[in-house]
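Below you'll find the structure, written out as structure tokens, and then a few comments.
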Amino acid sequence: MKTAFLWRRGLKALALAGATALVFGAGAAGAQIPPNGAPPATSVPGGPPGGAPQAPGGEGPGVPSQFGPPPPPPLTPAEKLVAELPPPMPGGIIPTAPVPAGAPMPNADPRDLQGTWIHNQKLEFRMQRDMYDVPVPYNMNGAKVLARRVNSLKNGAPFINASAMCRPPGPQWQRDLNFPFQIFQSKDWIEFVFEEYHGRWQVILDSAKTPPPAQKAYMGYSVGHWIGDTLVVESSDFKQALWLDVDGTPLSANGKLIQRIRKVDNGDHAPFLEVVTTIVDPTYYTRPWSVVRTFGWHPGLTVFNEYNCEEQIGDPSVRADAGLVPEPQD
Amino acid sequence: MTKTHPRHGIGAILAGALMAAGIAASAAAAPAGPNLEGVWKIVTPTTTLKPVDGPIPFTAQGRKQYEENKRLQAKRAYDDYDITLSRCNSPGTPRLMLTPERFKIWQRFGVLTFDFEWNRALRQIDASGLPPVGDPLGMGLIPKMTGISKGHWEGDTLVAETTNFSDRTLLDDLVPHTADMKVTEHLRLVSPDTLEDRITIDDPAYFARPWDAVVAYKRQPDALFPEDVCLDRHDAHRPVFPPQ
């Protein structure tokens, strides 16, 4: 697995450098380099920090071997299972207008994240690759869960999940949808209030004042601290396992999300939040892996549309499970 | 099942509206004008929106519906008259203001966001003074449990007018209203730690004249609210509104 991982990194390195720049644009180009406090993209000893290219065989970054790259190693059974799944639906987004001159702008303090933001990237229905374009490192347990969920959709009998049942879907899914949210902040905590799902993501800065709740929450328990101007938040203690996206990329109830959040203002009147999320879950993955998202400043979306999924979910004239089927438990 | 709002196309119009309003820069952190921010809790929990004087001035049609609700309540046919009890539907405006748990008020960009502890419910009052935004997708035509609330300040009092209601909510546990109701609220601090909401109900089909109710709230210590999921209580056959 480690060999395969390193080989892919080396082969794709040069192409990726250009491709990812196109994807994220100048404003988010910093996403290619982990922000302060971010981990290297791999836990492989000696691996390249921050996703820097490295060819196999120890020749050094980006240098092909004398006889060209070796043939790709055979896929692991887990990789083969994931690779053979039907592709996810393509995500889309209609770009929002730039923030006009004269509009309110974020506080100049980089540690003040308050204001209204909205995810400004295409929705990813299924996270197939990490922020360095490396395939998600499933182990066989994780691959089986994903395959089960994707195939349930394909077979027309999708599984019950938190979103479908009008329950808080967890921090990653909550942030990823293209809905606005507001951030409110005090010295002891930072609260993200979302338009959809009645979403509240609470980041506790002083865990002595706010210990974990007696009963676990769907959104977990999130504790943050600042490293430089990056807010590092560890989320764990989830009430139940999460779907990280619409297709069901899994996180076990014992999994952990590490979010590295920073406000970026390049002086182009287009400030944004960058959130690098590292998924740590040995139940389903061979190593931690990370994705990056950006959220544009949008004070014009402070008045939310009403979100009231209970009206439909609780309707006694429809099936309580909304026509979804229970997922088999491992 | 889960609702989606293809709202991105509204961005340009919203952006233009903001520009026209000329809101001061760096307004994110602090409310402009009178400050109602804080954590609040109703002083006297109640399930009844009581007029300040006399009985509710029902019209014949309004009384008929009220009596019907009482009959359905006695039969425990909750989904036939109160989908908050039967489904955890948003209690809407003004019933949310009667919930016995705490709520927070935030003021950002002239918008007051009421963040309720009960089921993480939200309502908002737009007191930004911005002109109406364009609505090419017709979202404003969809009736809302909390309505559409526009506010302005008269001295230290926030005056909020709410319309565009769904008729699927109640004013309290029993009193009905139509989709044509207008709710006018006067929100002010009567002392540094006491918030008052004078609620005027104007709904000619059900009430012979507009009538007022007054609800008071006491300031609470700053706190994060625990995650409250009404549907979990509902599915466990526990009360939608937990006993206080």
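The way I read the labels, and the way they are meant: chains A, B, ... in the order of the structure tokens, residue 1 as the first residue of every chain, and ligand 1 as the first ligand shown, with later ones counted on from there.
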Counting only C-alpha atoms, what is within 10 Å of Ala223 of chain B, bar same-chain residues fewer than 5 positions away, as a ChimeraX atom specification? /A:188-189,209-210 /B:38-39,102,104
Could you please select, counting only C-alpha atoms, the residues of chain A within 6 Å of chain B and state them as an MDAnalysis selection string? chainID A and resid 94 96:97 100 102:107 115 198 300 309:311 314
Keeping only C-alpha atoms, write those residues as a compact mmCIF listing (two decimals), in the first residue's frame.
```
# COMPACT_ATOMS: atom_id res chain seq x y z
CA ILE A 94 -23.67 28.55 -10.10
CA THR A 96 -22.15 33.93 -6.94
CA ALA A 97 -21.41 37.51 -7.84
CA PRO A 100 -19.36 44.66 -4.42
CA GLY A 102 -18.87 49.21 -0.28
CA ALA A 103 -20.20 45.94 1.09
CA PRO A 104 -19.26 45.01 4.65
CA MET A 105 -16.00 43.14 4.82
CA PRO A 106 -14.60 40.75 7.43
CA ASN A 107 -12.84 42.07 10.48
CA GLY A 115 -19.59 36.96 9.20
CA HIS A 198 -30.83 23.78 11.70
CA GLY A 300 -25.74 39.41 1.16
CA CYS A 309 -37.42 19.34 6.89
CA GLU A 310 -39.52 18.14 9.85
CA GLU A 311 -42.70 19.02 8.02
CA GLY A 314 -42.80 13.73 10.28
```
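Secondary structure from DSSP on the backbone puts helix (DSSP H, G or I) at the following positions of segment 69-230 of chain B: B:Asn69, B:Lys70, B:Arg71, B:Leu72, B:Gln73, B:Ala74, B:Tyr78, B:Asp79, B:Asp80, B:Ile83, B:Thr84, B:Leu85, B:Ser86, B:Arg87, B:Arg95, B:Leu96, B:Met97, B:Leu98, B:Trp118, B:Asn119, B:Arg120, B:Met139, B:Gly140, B:Leu141, B:Cys230.
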Selection from above, N, CA and C atoms, as a PDB file, in the first residue's frame, can you write it?
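Okay, again_29.pdb is ready:
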```pdb
ATOM      1  N   ASN B  69     -60.014  23.076  16.781  1.00  0.00           N
ATOM      2  CA  ASN B  69     -58.694  22.695  17.295  1.00  0.00           C
ATOM      3  C   ASN B  69     -58.815  22.072  18.688  1.00  0.00           C
ATOM      4  N   LYS B  70     -59.692  22.651  19.508  1.00  0.00           N
ATOM      5  CA  LYS B  70     -59.882  22.087  20.844  1.00  0.00           C
ATOM      6  C   LYS B  70     -60.442  20.664  20.765  1.00  0.00           C
ATOM      7  N   ARG B  71     -61.354  20.487  19.831  1.00  0.00           N
ATOM      8  CA  ARG B  71     -61.923  19.147  19.660  1.00  0.00           C
ATOM      9  C   ARG B  71     -60.857  18.143  19.211  1.00  0.00           C
ATOM     10  N   LEU B  72     -60.025  18.560  18.285  1.00  0.00           N
ATOM     11  CA  LEU B  72     -58.961  17.682  17.789  1.00  0.00           C
ATOM     12  C   LEU B  72     -57.915  17.415  18.875  1.00  0.00           C
ATOM     13  N   GLN B  73     -57.664  18.432  19.695  1.00  0.00           N
ATOM     14  CA  GLN B  73     -56.727  18.237  20.795  1.00  0.00           C
ATOM     15  C   GLN B  73     -57.256  17.174  21.766  1.00  0.00           C
ATOM     16  N   ALA B  74     -58.549  17.265  22.063  1.00  0.00           N
ATOM     17  CA  ALA B  74     -59.142  16.293  22.988  1.00  0.00           C
ATOM     18  C   ALA B  74     -59.065  14.876  22.418  1.00  0.00           C
ATOM     19  N   TYR B  78     -53.363  15.227  16.742  1.00  0.00           N
ATOM     20  CA  TYR B  78     -52.478  16.388  16.651  1.00  0.00           C
ATOM     21  C   TYR B  78     -52.133  16.767  15.209  1.00  0.00           C
ATOM     22  N   ASP B  79     -51.928  15.766  14.384  1.00  0.00           N
ATOM     23  CA  ASP B  79     -51.489  16.114  13.026  1.00  0.00           C
ATOM     24  C   ASP B  79     -52.588  16.816  12.231  1.00  0.00           C
ATOM     25  N   ASP B  80     -53.797  16.777  12.752  1.00  0.00           N
ATOM     26  CA  ASP B  80     -54.904  17.435  12.051  1.00  0.00           C
ATOM     27  C   ASP B  80     -54.994  18.924  12.352  1.00  0.00           C
ATOM     28  N   ILE B  83     -49.017  20.563  13.576  1.00  0.00           N
ATOM     29  CA  ILE B  83     -47.942  19.687  13.111  1.00  0.00           C
ATOM     30  C   ILE B  83     -46.626  19.973  13.830  1.00  0.00           C
ATOM     31  N   THR B  84     -46.624  20.935  14.735  1.00  0.00           N
ATOM     32  CA  THR B  84     -45.460  21.035  15.616  1.00  0.00           C
ATOM     33  C   THR B  84     -45.475  19.870  16.601  1.00  0.00           C
ATOM     34  N   LEU B  85     -46.622  19.609  17.180  1.00  0.00           N
ATOM     35  CA  LEU B  85     -46.721  18.490  18.115  1.00  0.00           C
ATOM     36  C   LEU B  85     -46.542  17.151  17.413  1.00  0.00           C
ATOM     37  N   SER B  86     -47.074  17.038  16.217  1.00  0.00           N
ATOM     38  CA  SER B  86     -47.064  15.722  15.563  1.00  0.00           C
ATOM     39  C   SER B  86     -45.803  15.475  14.754  1.00  0.00           C
ATOM     40  N   ARG B  87     -45.101  16.558  14.333  1.00  0.00           N
ATOM     41  CA  ARG B  87     -43.958  16.358  13.425  1.00  0.00           C
ATOM     42  C   ARG B  87     -42.695  17.096  13.836  1.00  0.00           C
ATOM     43  N   ARG B  95     -45.247  31.786  17.761  1.00  0.00           N
ATOM     44  CA  ARG B  95     -45.233  30.732  18.798  1.00  0.00           C
ATOM     45  C   ARG B  95     -43.815  30.410  19.269  1.00  0.00           C
ATOM     46  N   LEU B  96     -42.846  30.546  18.351  1.00  0.00           N
ATOM     47  CA  LEU B  96     -41.462  30.291  18.780  1.00  0.00           C
ATOM     48  C   LEU B  96     -41.095  31.164  19.981  1.00  0.00           C
ATOM     49  N   MET B  97     -41.680  32.349  20.033  1.00  0.00           N
ATOM     50  CA  MET B  97     -41.329  33.268  21.122  1.00  0.00           C
ATOM     51  C   MET B  97     -41.911  32.813  22.455  1.00  0.00           C
ATOM     52  N   LEU B  98     -42.729  31.748  22.431  1.00  0.00           N
ATOM     53  CA  LEU B  98     -43.272  31.197  23.673  1.00  0.00           C
ATOM     54  C   LEU B  98     -42.525  29.953  24.136  1.00  0.00           C
ATOM     55  N   TRP B 118     -34.673  25.309  21.403  1.00  0.00           N
ATOM     56  CA  TRP B 118     -35.612  24.253  21.021  1.00  0.00           C
ATOM     57  C   TRP B 118     -35.365  23.843  19.563  1.00  0.00           C
ATOM     58  N   ASN B 119     -34.925  22.639  19.382  1.00  0.00           N
ATOM     59  CA  ASN B 119     -34.748  22.047  18.052  1.00  0.00           C
ATOM     60  C   ASN B 119     -33.869  22.893  17.135  1.00  0.00           C
ATOM     61  N   ARG B 120     -33.015  23.750  17.709  1.00  0.00           N
ATOM     62  CA  ARG B 120     -32.087  24.554  16.902  1.00  0.00           C
ATOM     63  C   ARG B 120     -32.845  25.414  15.882  1.00  0.00           C
ATOM     64  N   MET B 139     -38.620  32.275  -4.468  1.00  0.00           N
ATOM     65  CA  MET B 139     -38.574  31.706  -3.118  1.00  0.00           C
ATOM     66  C   MET B 139     -39.518  32.443  -2.167  1.00  0.00           C
ATOM     67  N   GLY B 140     -39.689  33.728  -2.423  1.00  0.00           N
ATOM     68  CA  GLY B 140     -40.547  34.506  -1.544  1.00  0.00           C
ATOM     69  C   GLY B 140     -42.019  34.133  -1.642  1.00  0.00           C
ATOM     70  N   LEU B 141     -42.363  33.404  -2.686  1.00  0.00           N
ATOM     71  CA  LEU B 141     -43.754  33.002  -2.842  1.00  0.00           C
ATOM     72  C   LEU B 141     -44.107  31.801  -1.973  1.00  0.00           C
ATOM     73  N   CYS B 230     -35.534  17.560  18.148  1.00  0.00           N
ATOM     74  CA  CYS B 230     -36.939  17.276  18.492  1.00  0.00           C
ATOM     75  C   CYS B 230     -37.378  15.927  17.941  1.00  0.00           C
TER      76      CYS B 230
END
```
When you look at Arg198 of chain B with a cut-off of 9 Å (counting only C-alpha atoms), what residues show up, excluding the ones that are within fewer than 3 positions of it in the same chain? I need them as a count of residues only. 10
Please give the complete set of residues from segment 146-315 of chain A that DSSP, run on the backbone, assigns to strand (DSSP E), formatted as number ranges by chain. A: 180-185, 189-194, 200-204, 221-227, 230-236, 242-243, 250-251, 256-264, 272-280, 289-297
Excluding Pro192 of chain B and residues on its chain fewer than 2 positions from it, collect all residues at most 12 Å away from it, counting only C-alpha atoms, and give them as a short mmCIF file (atom, residue, chain, number, x, y, z; two decimals) with N, CA and C atoms, in the first residue's frame.
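Produced file out-v8.cif, reproduced below:
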```cif
data_model
loop_
_atom_site.label_atom_id
_atom_site.label_comp_id
_atom_site.auth_asym_id
_atom_site.auth_seq_id
_atom_site.Cartn_x
_atom_site.Cartn_y
_atom_site.Cartn_z
N PRO B 34 -29.22 50.08 18.49
CA PRO B 34 -29.57 49.40 19.75
C PRO B 34 -29.17 47.93 19.70
N ASN B 35 -28.75 47.45 20.83
CA ASN B 35 -28.18 46.11 20.87
C ASN B 35 -29.08 45.18 21.69
N LEU B 36 -29.73 44.26 21.02
CA LEU B 36 -30.57 43.28 21.71
C LEU B 36 -29.87 41.94 21.85
N GLU B 37 -28.60 41.89 21.49
CA GLU B 37 -27.88 40.62 21.51
C GLU B 37 -27.84 40.05 22.93
N GLY B 38 -27.79 38.75 22.99
CA GLY B 38 -27.67 38.08 24.28
C GLY B 38 -28.40 36.76 24.27
N TRP B 40 -31.54 34.80 26.03
CA TRP B 40 -32.79 35.20 26.68
C TRP B 40 -33.65 33.98 26.97
N ARG B 188 -38.01 45.63 22.68
CA ARG B 188 -37.16 46.65 23.31
C ARG B 188 -36.68 46.13 24.65
N LEU B 189 -35.60 46.73 25.10
CA LEU B 189 -35.09 46.42 26.44
C LEU B 189 -35.82 47.34 27.42
N VAL B 190 -36.59 46.74 28.31
CA VAL B 190 -37.24 47.56 29.33
C VAL B 190 -36.31 47.75 30.53
N THR B 194 -33.85 42.76 30.71
CA THR B 194 -35.23 42.34 30.40
C THR B 194 -35.61 42.81 29.00
N LEU B 195 -35.98 41.86 28.20
CA LEU B 195 -36.42 42.13 26.83
C LEU B 195 -37.93 41.95 26.77
N GLU B 196 -38.59 42.90 26.12
CA GLU B 196 -40.04 42.81 25.98
C GLU B 196 -40.40 42.71 24.51
N TYR B 217 -38.74 38.53 28.57
CA TYR B 217 -37.63 37.56 28.61
C TYR B 217 -36.54 38.11 29.52
N LYS B 218 -35.90 37.19 30.25
CA LYS B 218 -34.83 37.60 31.15
C LYS B 218 -33.49 37.19 30.54
N ARG B 219 -32.52 38.07 30.67
CA ARG B 219 -31.20 37.76 30.14
C ARG B 219 -30.58 36.59 30.89
N GLN B 220 -29.93 35.70 30.17
CA GLN B 220 -29.30 34.51 30.73
C GLN B 220 -27.79 34.57 30.53
#
```
